[in-house]
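Colleague: run23.csv is the file, holding CSV, C-alpha atoms:
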```
chain,number,residue,atom,x,y,z
A,1,MET,CA,-117.8,-63.9,-189.2
A,2,LEU,CA,-115.1,-66.5,-189.7
A,3,LEU,CA,-116.0,-69.7,-187.8
A,4,SER,CA,-113.7,-71.2,-185.1
A,5,ASP,CA,-113.0,-74.8,-184.6
A,6,THR,CA,-115.6,-74.9,-181.8
A,7,ALA,CA,-118.3,-73.4,-184.1
A,8,ILE,CA,-117.3,-75.8,-186.9
A,9,ARG,CA,-117.6,-78.8,-184.6
A,10,ARG,CA,-120.9,-77.6,-183.3
A,11,LEU,CA,-122.2,-77.4,-186.9
A,12,LEU,CA,-120.8,-80.9,-187.6
A,13,ASP,CA,-122.4,-82.3,-184.5
A,14,SER,CA,-125.8,-80.8,-185.4
A,15,GLY,CA,-125.6,-82.2,-188.9
A,16,GLU,CA,-126.0,-78.7,-190.5
A,17,LEU,CA,-122.5,-78.9,-191.9
A,18,ARG,CA,-121.5,-82.3,-193.2
A,19,ILE,CA,-118.0,-83.5,-194.2
A,20,ASP,CA,-117.6,-87.2,-195.2
A,21,PRO,CA,-115.3,-88.8,-194.4
A,22,LEU,CA,-114.4,-86.8,-191.3
A,23,TYR,CA,-110.9,-87.5,-190.0
A,24,PRO,CA,-109.6,-86.6,-186.6
A,25,ASP,CA,-107.2,-84.0,-188.1
A,26,THR,CA,-109.8,-82.5,-190.5
A,27,VAL,CA,-111.0,-79.7,-188.2
A,28,ARG,CA,-108.3,-77.1,-187.6
A,29,GLU,CA,-108.1,-73.9,-185.5
A,30,ASN,CA,-110.3,-71.9,-187.9
A,31,GLY,CA,-111.2,-74.2,-190.8
A,32,VAL,CA,-110.9,-77.7,-192.1
A,33,ASP,CA,-108.2,-79.5,-194.1
A,34,LEU,CA,-109.4,-81.7,-197.0
A,35,ARG,CA,-107.5,-84.4,-198.8
A,36,ILE,CA,-106.6,-85.2,-202.4
A,37,GLY,CA,-109.3,-87.6,-203.8
A,38,GLU,CA,-109.0,-90.5,-206.2
A,39,GLU,CA,-109.0,-88.5,-209.5
A,40,VAL,CA,-106.9,-85.9,-211.3
A,41,ALA,CA,-107.7,-84.2,-214.6
A,42,PHE,CA,-104.7,-83.3,-216.8
A,43,PRO,CA,-104.9,-80.7,-219.6
A,44,VAL,CA,-104.9,-82.1,-223.1
A,45,VAL,CA,-102.6,-79.8,-225.1
A,46,ARG,CA,-103.1,-79.9,-228.9
A,47,GLY,CA,-101.9,-76.4,-229.7
A,48,GLU,CA,-105.3,-75.1,-230.9
A,49,VAL,CA,-107.2,-72.1,-229.4
A,50,ILE,CA,-109.6,-73.3,-226.8
A,51,ASP,CA,-113.0,-71.5,-227.3
A,52,LEU,CA,-114.7,-71.2,-223.9
A,53,ALA,CA,-118.1,-70.7,-225.6
A,54,ASN,CA,-118.0,-73.5,-228.1
A,55,SER,CA,-115.6,-76.2,-226.9
A,56,ASN,CA,-116.5,-79.5,-225.3
A,57,PRO,CA,-114.5,-79.5,-222.0
A,58,SER,CA,-114.0,-83.2,-222.1
A,59,GLN,CA,-111.9,-82.8,-225.2
A,60,HIS,CA,-109.4,-80.6,-223.3
A,61,PHE,CA,-108.9,-82.8,-220.1
A,62,SER,CA,-107.9,-86.3,-219.4
A,63,ILE,CA,-109.2,-87.7,-216.1
A,64,ARG,CA,-107.1,-90.4,-214.5
A,65,LYS,CA,-107.3,-92.3,-211.2
A,66,ILE,CA,-104.5,-91.7,-208.8
A,67,PRO,CA,-102.9,-95.1,-208.1
A,68,ARG,CA,-101.5,-96.1,-204.7
A,69,GLU,CA,-98.0,-95.2,-205.8
A,70,GLY,CA,-99.1,-91.7,-206.6
A,71,ILE,CA,-99.2,-89.9,-209.9
A,72,ILE,CA,-96.6,-87.6,-211.5
A,73,ILE,CA,-97.5,-84.0,-212.6
A,74,PRO,CA,-95.2,-82.6,-215.2
A,75,GLY,CA,-93.3,-79.4,-214.4
A,76,ASN,CA,-95.2,-76.1,-214.9
A,77,THR,CA,-98.6,-77.8,-215.3
A,78,SER,CA,-102.0,-77.0,-213.9
A,79,VAL,CA,-104.4,-79.9,-213.0
A,80,LEU,CA,-107.8,-80.3,-211.5
A,81,LEU,CA,-107.8,-82.1,-208.2
A,82,VAL,CA,-110.9,-83.4,-206.4
A,83,THR,CA,-111.3,-83.7,-202.6
A,84,GLU,CA,-111.7,-87.1,-201.0
A,85,GLU,CA,-114.4,-85.5,-198.8
A,86,THR,CA,-117.9,-84.6,-199.8
A,87,VAL,CA,-119.1,-81.4,-198.1
A,88,SER,CA,-122.6,-80.0,-197.5
A,89,LEU,CA,-123.1,-76.4,-196.3
A,90,PRO,CA,-126.2,-75.0,-194.7
A,91,SER,CA,-127.9,-72.0,-196.3
A,92,TYR,CA,-126.3,-69.6,-193.9
A,93,VAL,CA,-122.6,-70.6,-194.3
A,94,ALA,CA,-120.2,-70.1,-197.2
A,95,GLY,CA,-116.6,-71.4,-197.5
A,96,LEU,CA,-113.4,-70.1,-198.9
A,97,CYS,CA,-110.8,-72.5,-200.2
A,98,GLY,CA,-107.0,-72.0,-200.3
A,99,LEU,CA,-104.0,-74.3,-200.4
A,100,ARG,CA,-102.5,-75.4,-197.1
A,101,SER,CA,-99.3,-73.5,-196.4
A,102,THR,CA,-97.1,-76.6,-196.7
A,103,ILE,CA,-98.4,-77.4,-200.1
A,104,ALA,CA,-97.9,-73.8,-201.3
A,105,ARG,CA,-94.3,-73.8,-199.9
A,106,TRP,CA,-93.6,-76.8,-202.1
A,107,GLY,CA,-94.5,-74.8,-205.2
A,108,PHE,CA,-98.2,-75.2,-205.8
A,109,LEU,CA,-100.6,-72.4,-206.4
A,110,ALA,CA,-104.4,-72.2,-206.5
A,111,ALA,CA,-106.8,-69.4,-206.9
A,112,PRO,CA,-109.1,-68.8,-203.9
A,113,THR,CA,-112.3,-70.6,-204.5
A,114,LEU,CA,-115.7,-69.8,-203.0
A,115,ILE,CA,-118.1,-72.5,-201.8
A,116,ASP,CA,-121.6,-71.1,-202.0
A,117,ALA,CA,-124.1,-71.5,-199.2
A,118,GLY,CA,-126.2,-74.7,-199.8
A,119,PHE,CA,-123.5,-76.4,-201.9
A,120,GLU,CA,-123.2,-80.2,-201.6
A,121,GLY,CA,-120.6,-82.4,-203.3
A,122,GLN,CA,-116.9,-83.0,-203.7
A,123,LEU,CA,-114.8,-80.0,-204.5
A,124,THR,CA,-112.8,-79.7,-207.7
A,125,ILE,CA,-109.9,-77.2,-207.5
A,126,GLU,CA,-107.4,-76.1,-210.1
A,127,VAL,CA,-103.9,-76.5,-208.7
A,128,ALA,CA,-100.8,-75.2,-210.6
A,129,TRP,CA,-97.4,-76.9,-210.0
A,130,THR,CA,-95.0,-74.0,-210.6
A,131,ARG,CA,-91.6,-75.8,-210.6
A,132,PRO,CA,-89.9,-77.0,-213.8
A,133,ALA,CA,-89.3,-80.5,-212.4
A,134,PRO,CA,-92.1,-83.1,-212.2
A,135,VAL,CA,-93.8,-83.8,-208.9
A,136,ARG,CA,-95.5,-86.9,-207.5
A,137,ILE,CA,-98.7,-86.5,-205.6
A,138,TYR,CA,-100.7,-89.0,-203.6
A,139,ARG,CA,-104.3,-89.6,-202.8
A,140,GLY,CA,-105.0,-88.7,-199.2
A,141,ILE,CA,-102.6,-85.9,-198.7
A,142,ARG,CA,-104.2,-82.9,-197.0
A,143,PHE,CA,-103.9,-80.1,-199.6
A,144,LEU,CA,-106.8,-77.8,-199.2
A,145,HIS,CA,-107.7,-75.5,-196.3
A,146,VAL,CA,-111.3,-74.3,-196.1
A,147,VAL,CA,-112.5,-71.5,-193.8
A,148,PHE,CA,-116.2,-71.0,-193.2
A,149,PHE,CA,-118.1,-67.7,-192.9
A,150,LYS,CA,-121.5,-67.3,-191.2
A,151,LEU,CA,-123.7,-65.1,-193.4
A,152,ASP,CA,-125.7,-62.3,-191.8
A,153,GLU,CA,-128.8,-64.4,-192.7
A,154,ARG,CA,-129.8,-67.4,-194.7
A,155,VAL,CA,-129.6,-67.0,-198.5
A,156,SER,CA,-133.0,-66.9,-200.2
A,157,LYS,CA,-131.9,-69.3,-202.8
A,158,PRO,CA,-129.2,-71.9,-201.7
A,159,TYR,CA,-126.8,-73.0,-204.4
A,160,SER,CA,-128.4,-75.3,-207.0
A,161,GLY,CA,-126.1,-74.7,-210.0
A,162,TYR,CA,-124.2,-76.8,-212.4
A,163,TYR,CA,-121.7,-78.2,-209.9
A,164,GLN,CA,-124.3,-79.2,-207.2
A,165,GLY,CA,-123.9,-82.8,-206.2
A,166,GLN,CA,-120.6,-83.3,-208.1
A,167,ARG,CA,-118.7,-86.5,-207.5
A,168,GLY,CA,-115.2,-87.0,-208.8
A,169,VAL,CA,-113.4,-84.4,-210.9
A,170,SER,CA,-115.9,-82.0,-212.4
A,171,LEU,CA,-114.7,-80.4,-215.6
A,172,PRO,CA,-115.7,-76.8,-216.3
A,173,LYS,CA,-118.9,-76.2,-218.2
A,174,SER,CA,-119.0,-74.5,-221.6
A,175,LEU,CA,-119.7,-70.8,-221.3
A,176,GLY,CA,-121.6,-70.5,-224.6
A,177,GLY,CA,-124.9,-70.1,-222.8
A,178,GLU,CA,-123.6,-66.9,-221.1
A,179,LEU,CA,-123.3,-65.2,-224.5
A,180,GLU,CA,-126.9,-65.7,-225.6
A,181,GLY,CA,-128.7,-62.4,-225.8
A,182,LEU,CA,-125.5,-60.3,-225.5
A,183,GLU,CA,-124.9,-57.7,-228.1
A,184,CYS,CA,-121.4,-56.5,-228.7
```
Just give me the structure as structure tokens.
Modeller:
Amino acid sequence: MLLSDTAIRRLLDSGELRIDPLYPDTVRENGVDLRIGEEVAFPVVRGEVIDLANSNPSQHFSIRKIPREGIIIPGNTSVLLVTEETVSLPSYVAGLCGLRSTIARWGFLAAPTLIDAGFEGQLTIEVAWTRPAPVRIYRGIRFLHVVFFKLDERVSKPYSGYYQGQRGVSLPKSLGGELEGLEC
């Protein structure tokens, strides 16, 4: 069941759902809007093949602080953005992230991203700027809309994975461990 603004406020008031900081315009009709945080990760393009199983992710991204005057994203570039807010979900609520309509209308795209029940941390989202011209973004712009779903019951094992507790832009993990034991 998709949660309404009333249900979201009730969860926030009880402390079961936490969003920090919580602005007056955060809670919307059927979800919450989250803001661009202080960091952005740009891709480092060297021309070599990126090996998802054997590459060090920090060699393929450059994390930079977003200054007060904003930061320019080159045309046709994907970046990792982090939310200003830290969120904490109870073990019976999951979230689904998408871009705010206004941001999408400007020419940004992002794949829908799931927030697992029990997750706590800032959210890192890949956002693609699809226009050929550069664009300037600013910290504090509401860019992400999250809708919450109440699960039919609490999960038996709340999220405790690699990204739990993340602060700032979190780079992807290497996927080499997922290949162990597989036979092709």
Colleague: So the first atom is CA of Leu52 in chain A and the second is CA of Ser88 in chain A; what is the distance between them in Å, to one decimal place?
Modeller: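 Atom-to-atom, CA of Leu52 in chain A and CA of Ser88 in chain A are spaced 28.9 Å apart.
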Colleague: Give as a PyMOL selection string every residue, naming chains and numbers as the document does, that has an atom within 12 Å of (-112.5, -74.8, -183.4), counting all atoms listed in the file.
Modeller: chain A and resi 2-12+25-32+147-148
Colleague: Taking all atoms listed in the file into account, which of A:Gly98, A:Gly161, A:Gly107, A:Gly168 comes nearest Glu38 in chain A?
Modeller: A:Gly168
Colleague: Between CA of Gly15 in chain A and CA of Ser156 in chain A, what is the distance in Å, rounded to a tenth?
Modeller: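 The value is 20.4 Å.
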Colleague: I'd like the interatomic distance between CA of Ala53 in chain A and CA of Thr113 in chain A, to a tenth of an Å.
Modeller: 21.9 Å
Colleague: Using all atoms listed in the file, pick whichever of A:Glu48, A:Asp152, A:Glu39, A:Glu120 has the shortest atom-to-atom distance to Lys65 in chain A.
Modeller: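 Closest to Lys65 in chain A, using all atoms listed in the file: A:Glu39.
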Colleague: With distances taken over only C-alpha atoms, which of A:Tyr163, A:Phe42, A:Tyr92, A:Phe108 is nearest to Val135 in chain A?
Modeller: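 Comparing A:Tyr163, A:Phe42, A:Tyr92, A:Phe108 against Val135 in chain A, the winner is A:Phe108.
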Colleague: For range 30-104 of chain A, write C-alpha atoms out as a PDB file, in the first residue's frame.
Modeller:
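Output below, filename selection.pdb:
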```pdb
ATOM      1  CA  ASN A  30       2.058  10.800  -1.372  1.00  0.00           C
ATOM      2  CA  GLY A  31       5.787  10.865  -0.718  1.00  0.00           C
ATOM      3  CA  VAL A  32       8.714  13.073   0.210  1.00  0.00           C
ATOM      4  CA  ASP A  33      11.026  15.338  -1.773  1.00  0.00           C
ATOM      5  CA  LEU A  34      14.727  15.168  -0.968  1.00  0.00           C
ATOM      6  CA  ARG A  35      17.440  17.700  -1.772  1.00  0.00           C
ATOM      7  CA  ILE A  36      20.830  17.561  -3.509  1.00  0.00           C
ATOM      8  CA  GLY A  37      23.515  17.144  -0.852  1.00  0.00           C
ATOM      9  CA  GLU A  38      27.031  18.508  -0.694  1.00  0.00           C
ATOM     10  CA  GLU A  39      28.838  16.039  -2.973  1.00  0.00           C
ATOM     11  CA  VAL A  40      28.720  14.846  -6.552  1.00  0.00           C
ATOM     12  CA  ALA A  41      30.747  12.058  -8.174  1.00  0.00           C
ATOM     13  CA  PHE A  42      31.789  12.556 -11.778  1.00  0.00           C
ATOM     14  CA  PRO A  43      32.872   9.661 -13.998  1.00  0.00           C
ATOM     15  CA  VAL A  44      36.574   9.463 -14.780  1.00  0.00           C
ATOM     16  CA  VAL A  45      36.851   8.595 -18.459  1.00  0.00           C
ATOM     17  CA  ARG A  46      40.136   7.055 -19.549  1.00  0.00           C
ATOM     18  CA  GLY A  47      38.924   5.024 -22.505  1.00  0.00           C
ATOM     19  CA  GLU A  48      39.680   1.601 -21.025  1.00  0.00           C
ATOM     20  CA  VAL A  49      37.155  -1.146 -20.411  1.00  0.00           C
ATOM     21  CA  ILE A  50      35.752  -0.989 -16.891  1.00  0.00           C
ATOM     22  CA  ASP A  51      35.742  -4.465 -15.359  1.00  0.00           C
ATOM     23  CA  LEU A  52      32.889  -4.609 -12.827  1.00  0.00           C
ATOM     24  CA  ALA A  53      34.423  -7.614 -11.104  1.00  0.00           C
ATOM     25  CA  ASN A  54      38.031  -6.450 -10.887  1.00  0.00           C
ATOM     26  CA  SER A  55      38.065  -2.650 -10.919  1.00  0.00           C
ATOM     27  CA  ASN A  56      38.510  -0.363  -7.941  1.00  0.00           C
ATOM     28  CA  PRO A  57      35.461   1.947  -8.139  1.00  0.00           C
ATOM     29  CA  SER A  58      37.438   4.894  -6.726  1.00  0.00           C
ATOM     30  CA  GLN A  59      39.588   4.849  -9.897  1.00  0.00           C
ATOM     31  CA  HIS A  60      36.507   5.520 -12.032  1.00  0.00           C
ATOM     32  CA  PHE A  61      34.909   8.411 -10.118  1.00  0.00           C
ATOM     33  CA  SER A  62      36.001  11.813  -8.882  1.00  0.00           C
ATOM     34  CA  ILE A  63      34.043  13.047  -5.846  1.00  0.00           C
ATOM     35  CA  ARG A  64      33.769  16.814  -5.509  1.00  0.00           C
ATOM     36  CA  LYS A  65      32.040  19.172  -3.095  1.00  0.00           C
ATOM     37  CA  ILE A  66      29.308  21.345  -4.586  1.00  0.00           C
ATOM     38  CA  PRO A  67      30.267  24.970  -3.885  1.00  0.00           C
ATOM     39  CA  ARG A  68      27.725  27.671  -3.053  1.00  0.00           C
ATOM     40  CA  GLU A  69      27.782  28.883  -6.670  1.00  0.00           C
ATOM     41  CA  GLY A  70      26.840  25.397  -7.881  1.00  0.00           C
ATOM     42  CA  ILE A  71      28.723  22.958 -10.051  1.00  0.00           C
ATOM     43  CA  ILE A  72      28.585  22.364 -13.790  1.00  0.00           C
ATOM     44  CA  ILE A  73      27.759  18.956 -15.231  1.00  0.00           C
ATOM     45  CA  PRO A  74      28.994  18.544 -18.827  1.00  0.00           C
ATOM     46  CA  GLY A  75      26.458  17.661 -21.507  1.00  0.00           C
ATOM     47  CA  ASN A  76      25.386  14.032 -21.849  1.00  0.00           C
ATOM     48  CA  THR A  77      26.978  12.999 -18.558  1.00  0.00           C
ATOM     49  CA  SER A  78      25.832  10.759 -15.710  1.00  0.00           C
ATOM     50  CA  VAL A  79      26.826  11.666 -12.150  1.00  0.00           C
ATOM     51  CA  LEU A  80      26.189  10.286  -8.691  1.00  0.00           C
ATOM     52  CA  LEU A  81      24.264  12.680  -6.451  1.00  0.00           C
ATOM     53  CA  VAL A  82      23.743  12.264  -2.731  1.00  0.00           C
ATOM     54  CA  THR A  83      20.760  13.513  -0.767  1.00  0.00           C
ATOM     55  CA  GLU A  84      21.212  16.152   1.877  1.00  0.00           C
ATOM     56  CA  GLU A  85      18.882  14.166   4.089  1.00  0.00           C
ATOM     57  CA  THR A  86      19.598  10.991   5.981  1.00  0.00           C
ATOM     58  CA  VAL A  87      16.654   8.588   5.989  1.00  0.00           C
ATOM     59  CA  SER A  88      15.889   5.635   8.230  1.00  0.00           C
ATOM     60  CA  LEU A  89      13.106   3.197   7.342  1.00  0.00           C
ATOM     61  CA  PRO A  90      11.362   0.795   9.711  1.00  0.00           C
ATOM     62  CA  SER A  91      11.402  -2.928   8.953  1.00  0.00           C
ATOM     63  CA  TYR A  92       7.919  -2.854   7.416  1.00  0.00           C
ATOM     64  CA  VAL A  93       8.328   0.086   4.993  1.00  0.00           C
ATOM     65  CA  ALA A  94      10.225   0.233   1.681  1.00  0.00           C
ATOM     66  CA  GLY A  95      10.714   3.233  -0.592  1.00  0.00           C
ATOM     67  CA  LEU A  96      10.894   3.837  -4.318  1.00  0.00           C
ATOM     68  CA  CYS A  97      12.882   6.805  -5.634  1.00  0.00           C
ATOM     69  CA  GLY A  98      12.313   8.722  -8.844  1.00  0.00           C
ATOM     70  CA  LEU A  99      13.181  12.194 -10.024  1.00  0.00           C
ATOM     71  CA  ARG A 100      10.803  15.056  -9.376  1.00  0.00           C
ATOM     72  CA  SER A 101       8.843  15.867 -12.520  1.00  0.00           C
ATOM     73  CA  THR A 102      10.357  19.348 -12.805  1.00  0.00           C
ATOM     74  CA  ILE A 103      13.902  17.947 -12.771  1.00  0.00           C
ATOM     75  CA  ALA A 104      12.968  15.337 -15.383  1.00  0.00           C
TER      76      ALA A 104
END
```
